[in-house]
Amino acid sequence: MDIEQFIPSIISLIVTLSLVLLFDFLFRKRKLFSREKMIQQIIFVVILVTGILFIIFTLPITVEDKNLILTFVGLIIGAIITFSSTTFVANAMAGIMLRLINPFRVGDYIKIDGTFGRVTEMYFLHTQVQSMDRDLITIPNIKLVSNPLKTIRSSGTIITTTVSLGYDISRKEIEKGLLKAAEITGLENSFVHVEKLGDFSITYKVGGLLKDIESLITARSDFKKNVMDTLHDSKIEIVSPTYMNQRVFSEDYVCLPPKEPKHDIIEIEPEIKTEEIIFDKAITAQMLDRIYITAETLAPRRKEMEENIKQIVDENTRNDLKKQLAQLTIKEKEIKPLIQELKTLPDITAKSDENKDVDVEGMVKTDKYVVELAELHIDVEKKIDQALEKQQ
């Protein structure tokens, strides 16, 4: 058989490999579909399947032999699907379902079957979550769609804590102290509920709305600290009424820690938040996601503003807004190289910390610049709306 007859098949193989390498370069270096790992994987599958079919069809063999090869390949694929139907196909379908219903995004807190953490990546077959131990946990997509999933909304979440106190303490005094603790923590719409009337004590539940979920772990800890401090300041004992000790105390003994002089107490604010240490990869992934999404919306918003400015009758106002719009255009051009530089960095969600080489300082700088530029867009949009309202 002449080698020239295999040239079409060889070309098909080369084209297939070239496409795989090309898209791999675009995905890794140019960050094409960087927020859609699932789409990246689907593209690879389509390229490989299409390439195999072209190679088979261009082989210098009879139609019967081609059909035989295709049948054999089909049997292999069918067998793979059959034996892995409970895993591969199920997870693939679950991945598609997650993309359709979109229950969470990169950076969101989720909880499922005792696993709590922040989402770092969403893949075709699994989702990667960073736990409170800073470990990366791989959760099959089928598990996410077949079990109750808790997602903490970016708009805020309710945090609570409970405390058991004796019947001999005034309920109103307790509620006053607990609500004060919620206020100090920065919670909104705080509340106090009586959870249980026990034989020896009453269980109170206090909570409120936390708007800043970025500091969720720290806020939960601070909330409990503030509950202790406010109750102790109110001379309320946080101890079971059945408390016993072998030591003998006087009748007026109160179980409270000694009061410390205010001038000796120095509150030290940590330079790095607990969340920044625990969820470093999730926070970085969320920051990148925010940068890319915000940057992509700037140009369409500016074009819309250009069309609205044309409708303004007052020439001075129109010219002034055009100048401001021109400044936004310049700033958008300045930010493009910064974003492009981020896209050339290694994958920040890689599992191995040894290969992690991300310029976090530059990323934070770019994020700040993008946010400020988005705020300038909002400011110009408001001025345009006000000018149009005056004309009516």
# chains A, B, ... in the order shown; residues from 1 in each chain; ligands from 1
call {"tool": "residues_around", "arguments": {"residues": "Val239 (chain A)", "least_positions_apart": "6", "cutoff": "12 Å", "atoms": "only C-alpha atoms", "output": "PyMOL selection string"}}
result
chain A and resi 163-167+169+200-203+228+231-232+254-257
call {"tool": "write_last_selection", "arguments": {"atoms": "C-alpha atoms", "output": "PDB file, in the first residue's frame"}}
result
ATOM      1  CA  VAL A 163     -26.410  30.180  75.287  1.00  0.00           C
ATOM      2  CA  SER A 164     -28.109  28.462  78.251  1.00  0.00           C
ATOM      3  CA  LEU A 165     -28.895  30.621  81.283  1.00  0.00           C
ATOM      4  CA  GLY A 166     -30.751  30.070  84.551  1.00  0.00           C
ATOM      5  CA  TYR A 167     -34.403  30.802  85.329  1.00  0.00           C
ATOM      6  CA  ILE A 169     -32.048  35.759  85.594  1.00  0.00           C
ATOM      7  CA  PHE A 200     -32.509  23.699  84.909  1.00  0.00           C
ATOM      8  CA  SER A 201     -31.922  26.381  82.273  1.00  0.00           C
ATOM      9  CA  ILE A 202     -33.350  28.304  79.319  1.00  0.00           C
ATOM     10  CA  THR A 203     -31.645  28.095  75.930  1.00  0.00           C
ATOM     11  CA  MET A 228     -19.540  36.555  76.580  1.00  0.00           C
ATOM     12  CA  LEU A 231     -23.264  39.203  79.489  1.00  0.00           C
ATOM     13  CA  HIS A 232     -20.300  39.417  81.858  1.00  0.00           C
ATOM     14  CA  VAL A 254     -20.320  35.138  91.415  1.00  0.00           C
ATOM     15  CA  CYS A 255     -18.757  33.038  88.650  1.00  0.00           C
ATOM     16  CA  LEU A 256     -17.282  35.839  86.514  1.00  0.00           C
ATOM     17  CA  PRO A 257     -13.741  36.441  85.281  1.00  0.00           C
TER      18      PRO A 257
END
call {"tool": "residues_around", "arguments": {"residues": "Arg290 (chain A)", "least_positions_apart": "2", "cutoff": "10 Å", "atoms": "only C-alpha atoms", "output": "PDB file with N, CA and C atoms, in the first residue's frame"}}
result
ATOM      1  N   VAL A 106     -17.953  30.780  41.511  1.00  0.00           N
ATOM      2  CA  VAL A 106     -16.613  30.720  42.108  1.00  0.00           C
ATOM      3  C   VAL A 106     -16.506  31.757  43.222  1.00  0.00           C
ATOM      4  N   GLY A 107     -16.017  31.317  44.389  1.00  0.00           N
ATOM      5  CA  GLY A 107     -15.877  32.210  45.533  1.00  0.00           C
ATOM      6  C   GLY A 107     -17.000  32.118  46.533  1.00  0.00           C
ATOM      7  N   THR A 284      -8.668  34.256  45.641  1.00  0.00           N
ATOM      8  CA  THR A 284      -7.948  34.658  44.437  1.00  0.00           C
ATOM      9  C   THR A 284      -8.752  34.352  43.189  1.00  0.00           C
ATOM     10  N   ALA A 285      -9.390  33.159  43.158  1.00  0.00           N
ATOM     11  CA  ALA A 285     -10.225  32.791  42.015  1.00  0.00           C
ATOM     12  C   ALA A 285     -11.410  33.738  41.877  1.00  0.00           C
ATOM     13  N   GLN A 286     -12.009  34.112  43.010  1.00  0.00           N
ATOM     14  CA  GLN A 286     -13.139  35.031  42.979  1.00  0.00           C
ATOM     15  C   GLN A 286     -12.704  36.414  42.508  1.00  0.00           C
ATOM     16  N   MET A 287     -11.508  36.840  42.930  1.00  0.00           N
ATOM     17  CA  MET A 287     -10.995  38.143  42.510  1.00  0.00           C
ATOM     18  C   MET A 287     -10.778  38.183  40.998  1.00  0.00           C
ATOM     19  N   LEU A 288     -10.165  37.121  40.467  1.00  0.00           N
ATOM     20  CA  LEU A 288      -9.958  37.042  39.018  1.00  0.00           C
ATOM     21  C   LEU A 288     -11.276  37.062  38.273  1.00  0.00           C
ATOM     22  N   TYR A 292     -12.390  39.927  35.472  1.00  0.00           N
ATOM     23  CA  TYR A 292     -12.746  39.618  34.087  1.00  0.00           C
ATOM     24  C   TYR A 292     -14.179  40.046  33.766  1.00  0.00           C
ATOM     25  N   ILE A 293     -15.116  39.735  34.667  1.00  0.00           N
ATOM     26  CA  ILE A 293     -16.529  40.067  34.425  1.00  0.00           C
ATOM     27  C   ILE A 293     -16.723  41.574  34.346  1.00  0.00           C
ATOM     28  N   THR A 294     -16.140  42.299  35.317  1.00  0.00           N
ATOM     29  CA  THR A 294     -16.299  43.763  35.342  1.00  0.00           C
ATOM     30  C   THR A 294     -15.671  44.401  34.113  1.00  0.00           C
ATOM     31  N   ALA A 295     -14.481  43.938  33.741  1.00  0.00           N
ATOM     32  CA  ALA A 295     -13.776  44.512  32.583  1.00  0.00           C
ATOM     33  C   ALA A 295     -14.563  44.296  31.294  1.00  0.00           C
ATOM     34  N   GLU A 296     -15.210  43.143  31.178  1.00  0.00           N
ATOM     35  CA  GLU A 296     -15.971  42.848  29.963  1.00  0.00           C
ATOM     36  C   GLU A 296     -17.208  43.735  29.809  1.00  0.00           C
ATOM     37  N   ASP A 367      -7.473  44.662  40.414  1.00  0.00           N
ATOM     38  CA  ASP A 367      -8.843  44.591  40.923  1.00  0.00           C
ATOM     39  C   ASP A 367      -9.316  45.955  41.414  1.00  0.00           C
ATOM     40  N   VAL A 370      -9.907  48.226  38.384  1.00  0.00           N
ATOM     41  CA  VAL A 370     -11.137  47.877  37.661  1.00  0.00           C
ATOM     42  C   VAL A 370     -12.365  48.363  38.424  1.00  0.00           C
ATOM     43  N   VAL A 371     -12.368  48.165  39.740  1.00  0.00           N
ATOM     44  CA  VAL A 371     -13.502  48.601  40.564  1.00  0.00           C
ATOM     45  C   VAL A 371     -13.665  50.116  40.504  1.00  0.00           C
TER      46      VAL A 371
END
call {"tool": "closest_residue", "arguments": {"among": "A:Lys281, A:Ile309, A:Gly362, A:Gly207", "to": "Lys323 (chain A)", "atoms": "only C-alpha atoms"}}
result
A:Ile309
call {"tool": "select_by_dssp", "arguments": {"residues": "region 294-392 of chain A", "states": "alpha helix (DSSP H)", "output": "PyMOL selection string"}}
result
chain A and resi 294-309+315-343+360-391
call {"tool": "closest_residue", "arguments": {"among": "A:Ser9, A:Ser154, A:Gln386, A:Thr162", "to": "Asn308 (chain A)", "atoms": "only C-alpha atoms"}}
result
A:Gln386
call {"tool": "atom_distance", "arguments": {"atom1": "CA of Asp212 (chain A)", "atom2": "CA of Thr151 (chain A)"}}
result
15.0 Å
call {"tool": "closest_residue", "arguments": {"among": "A:Val364, A:Ala92, A:Leu149, A:Met132", "to": "Ile217 (chain A)", "atoms": "only C-alpha atoms"}}
result
A:Met132
call {"tool": "select_by_dssp", "arguments": {"residues": "region 13-174 of chain A", "states": "strand (DSSP E or B)", "output": "ChimeraX atom specification"}}
result
/A:109-112,115-122,126-131,136-140,150-152,157-165
call {"tool": "write_last_selection", "arguments": {"atoms": "N, CA and C atoms", "output": "mmCIF file, in the first residue's frame"}}
result
data_model
loop_
_atom_site.group_PDB
_atom_site.id
_atom_site.type_symbol
_atom_site.label_atom_id
_atom_site.label_comp_id
_atom_site.auth_asym_id
_atom_site.auth_seq_id
_atom_site.Cartn_x
_atom_site.Cartn_y
_atom_site.Cartn_z
ATOM 1 N N TYR A 109 -19.570 30.519 49.329
ATOM 2 C CA TYR A 109 -19.532 29.512 50.388
ATOM 3 C C TYR A 109 -20.630 28.488 50.122
ATOM 4 N N ILE A 110 -20.289 27.193 50.206
ATOM 5 C CA ILE A 110 -21.291 26.150 50.074
ATOM 6 C C ILE A 110 -21.092 25.118 51.178
ATOM 7 N N LYS A 111 -22.179 24.400 51.504
ATOM 8 C CA LYS A 111 -22.118 23.332 52.505
ATOM 9 C C LYS A 111 -22.939 22.167 52.013
ATOM 10 N N ILE A 112 -22.349 20.978 52.021
ATOM 11 C CA ILE A 112 -23.045 19.772 51.587
ATOM 12 C C ILE A 112 -22.470 18.569 52.330
ATOM 13 N N THR A 115 -19.448 18.995 54.462
ATOM 14 C CA THR A 115 -18.335 19.699 53.827
ATOM 15 C C THR A 115 -18.694 21.171 53.667
ATOM 16 N N PHE A 116 -17.873 22.038 54.246
ATOM 17 C CA PHE A 116 -18.118 23.481 54.172
ATOM 18 C C PHE A 116 -16.868 24.168 53.650
ATOM 19 N N GLY A 117 -17.040 25.068 52.702
ATOM 20 C CA GLY A 117 -15.898 25.794 52.160
ATOM 21 C C GLY A 117 -16.308 26.735 51.051
ATOM 22 N N ARG A 118 -15.307 27.225 50.320
ATOM 23 C CA ARG A 118 -15.555 28.168 49.226
ATOM 24 C C ARG A 118 -15.164 27.519 47.897
ATOM 25 N N VAL A 119 -15.973 27.768 46.895
ATOM 26 C CA VAL A 119 -15.763 27.177 45.576
ATOM 27 C C VAL A 119 -14.557 27.831 44.908
ATOM 28 N N THR A 120 -13.636 27.005 44.417
ATOM 29 C CA THR A 120 -12.474 27.531 43.694
ATOM 30 C C THR A 120 -12.589 27.296 42.194
ATOM 31 N N GLU A 121 -13.177 26.155 41.787
ATOM 32 C CA GLU A 121 -13.324 25.864 40.359
ATOM 33 C C GLU A 121 -14.540 24.981 40.127
ATOM 34 N N MET A 122 -15.137 25.121 38.942
ATOM 35 C CA MET A 122 -16.262 24.280 38.530
ATOM 36 C C MET A 122 -15.875 23.571 37.230
ATOM 37 N N HIS A 126 -16.544 17.472 38.131
ATOM 38 C CA HIS A 126 -16.469 17.708 39.563
ATOM 39 C C HIS A 126 -16.333 19.202 39.853
ATOM 40 N N THR A 127 -16.487 19.533 41.127
ATOM 41 C CA THR A 127 -16.328 20.908 41.597
ATOM 42 C C THR A 127 -15.300 20.910 42.711
ATOM 43 N N GLN A 128 -14.428 21.907 42.686
ATOM 44 C CA GLN A 128 -13.350 21.991 43.676
ATOM 45 C C GLN A 128 -13.700 23.019 44.750
ATOM 46 N N VAL A 129 -13.593 22.600 46.014
ATOM 47 C CA VAL A 129 -13.943 23.458 47.152
ATOM 48 C C VAL A 129 -12.762 23.525 48.104
ATOM 49 N N GLN A 130 -12.487 24.718 48.615
ATOM 50 C CA GLN A 130 -11.428 24.877 49.612
ATOM 51 C C GLN A 130 -12.056 24.922 50.997
ATOM 52 N N SER A 131 -11.658 23.968 51.852
ATOM 53 C CA SER A 131 -12.280 23.820 53.165
ATOM 54 C C SER A 131 -11.677 24.786 54.182
ATOM 55 N N LEU A 136 -7.977 21.422 49.583
ATOM 56 C CA LEU A 136 -8.828 21.419 48.402
ATOM 57 C C LEU A 136 -9.587 20.100 48.347
ATOM 58 N N ILE A 137 -10.914 20.195 48.304
ATOM 59 C CA ILE A 137 -11.781 19.024 48.297
ATOM 60 C C ILE A 137 -12.455 18.918 46.937
ATOM 61 N N THR A 138 -12.394 17.736 46.336
ATOM 62 C CA THR A 138 -13.030 17.482 45.050
ATOM 63 C C THR A 138 -14.377 16.808 45.294
ATOM 64 N N ILE A 139 -15.447 17.458 44.863
ATOM 65 C CA ILE A 139 -16.794 16.924 45.057
ATOM 66 C C ILE A 139 -17.376 16.551 43.695
ATOM 67 N N PRO A 140 -17.758 15.285 43.481
ATOM 68 C CA PRO A 140 -18.397 14.904 42.216
ATOM 69 C C PRO A 140 -19.673 15.704 41.993
ATOM 70 N N LYS A 150 -26.358 23.844 50.448
ATOM 71 C CA LYS A 150 -26.522 25.159 51.074
ATOM 72 C C LYS A 150 -25.518 26.131 50.466
ATOM 73 N N THR A 151 -26.030 27.214 49.918
ATOM 74 C CA THR A 151 -25.178 28.253 49.342
ATOM 75 C C THR A 151 -25.389 29.553 50.098
ATOM 76 N N ILE A 152 -24.320 30.144 50.580
ATOM 77 C CA ILE A 152 -24.423 31.424 51.283
ATOM 78 C C ILE A 152 -24.419 32.542 50.261
ATOM 79 N N THR A 157 -25.839 36.719 55.085
ATOM 80 C CA THR A 157 -26.349 35.482 55.689
ATOM 81 C C THR A 157 -26.621 35.715 57.167
ATOM 82 N N ILE A 158 -27.462 34.862 57.742
ATOM 83 C CA ILE A 158 -27.780 34.955 59.161
ATOM 84 C C ILE A 158 -26.770 34.127 59.955
ATOM 85 N N ILE A 159 -26.143 34.733 60.955
ATOM 86 C CA ILE A 159 -25.276 33.986 61.853
ATOM 87 C C ILE A 159 -25.904 33.995 63.240
ATOM 88 N N THR A 160 -25.811 32.879 63.934
ATOM 89 C CA THR A 160 -26.448 32.729 65.239
ATOM 90 C C THR A 160 -25.512 32.027 66.213
ATOM 91 N N THR A 161 -25.861 32.111 67.482
ATOM 92 C CA THR A 161 -25.213 31.341 68.525
ATOM 93 C C THR A 161 -26.211 31.139 69.647
ATOM 94 N N THR A 162 -26.011 30.133 70.468
ATOM 95 C CA THR A 162 -26.937 29.838 71.560
ATOM 96 C C THR A 162 -26.202 29.876 72.891
ATOM 97 N N VAL A 163 -26.967 30.145 73.941
ATOM 98 C CA VAL A 163 -26.410 30.180 75.287
ATOM 99 C C VAL A 163 -27.510 29.754 76.256
ATOM 100 N N SER A 164 -27.150 28.940 77.248
ATOM 101 C CA SER A 164 -28.109 28.462 78.251
ATOM 102 C C SER A 164 -27.898 29.212 79.560
ATOM 103 N N LEU A 165 -28.965 29.819 80.065
ATOM 104 C CA LEU A 165 -28.895 30.621 81.283
ATOM 105 C C LEU A 165 -30.002 30.206 82.241
#
call {"tool": "atom_distance", "arguments": {"atom1": "CA of Thr317 (chain A)", "atom2": "CA of His377 (chain A)"}}
result
16.7 Å
call {"tool": "atom_distance", "arguments": {"atom1": "CA of Thr58 (chain A)", "atom2": "CA of Ile39 (chain A)"}}
result
28.4 Å
call {"tool": "residues_around", "arguments": {"residues": "region 60-64 of chain A", "least_positions_apart": "3", "cutoff": "7 Å", "atoms": "only C-alpha atoms", "output": "list in words"}}
result
Gln5, Phe6, Asn67 and Leu68 of chain A
call {"tool": "write_last_selection", "arguments": {"atoms": "C-alpha atoms", "output": "PDB file, in the first residue's frame"}}
result
ATOM      1  CA  GLN A   5      -2.628   7.063   0.342  1.00  0.00           C
ATOM      2  CA  PHE A   6      -2.151   7.747   4.075  1.00  0.00           C
ATOM      3  CA  ASN A  67     -17.698   0.528   8.986  1.00  0.00           C
ATOM      4  CA  LEU A  68     -16.059  -2.289  10.910  1.00  0.00           C
TER       5      LEU A  68
END
call {"tool": "residues_around", "arguments": {"residues": "Ala219 (chain A)", "least_positions_apart": "5", "cutoff": "10 Å", "atoms": "only C-alpha atoms", "output": "PyMOL selection string"}}
result
chain A and resi 159+185-187+210+212-214+224-225
call {"tool": "residues_around", "arguments": {"residues": "Asn141 (chain A)", "least_positions_apart": "3", "cutoff": "6 Å", "atoms": "only C-alpha atoms", "output": "short mmCIF file (atom, residue, chain, number, x, y, z; two decimals) with C-alpha atoms, in the first residue's frame"}}
result
data_model
loop_
_atom_site.label_atom_id
_atom_site.label_comp_id
_atom_site.auth_asym_id
_atom_site.auth_seq_id
_atom_site.Cartn_x
_atom_site.Cartn_y
_atom_site.Cartn_z
CA ASN A 91 -21.36 13.48 36.73
CA ALA A 94 -24.94 16.78 36.71
CA GLY A 95 -22.28 19.25 35.55
CA LEU A 125 -17.23 16.18 36.17
CA HIS A 126 -16.47 17.71 39.56
CA LEU A 144 -24.07 18.35 44.39
#
call {"tool": "residues_around", "arguments": {"residues": "Asp314 (chain A)", "least_positions_apart": "2", "cutoff": "10 Å", "atoms": "only C-alpha atoms", "output": "compact mmCIF listing (two decimals) with C-alpha atoms, in the first residue's frame"}}
result
# COMPACT_ATOMS: atom_id res chain seq x y z
CA GLN A 311 -29.93 62.59 22.79
CA ILE A 312 -28.89 65.46 25.09
CA ASN A 316 -22.35 72.39 26.88
CA THR A 317 -23.60 69.43 28.89
CA ARG A 318 -23.16 67.13 25.91
CA ASN A 319 -19.57 68.26 25.29
CA ALA A 387 -29.40 65.42 31.95
CA LEU A 388 -32.01 63.39 30.07
CA GLN A 391 -35.09 67.60 29.11
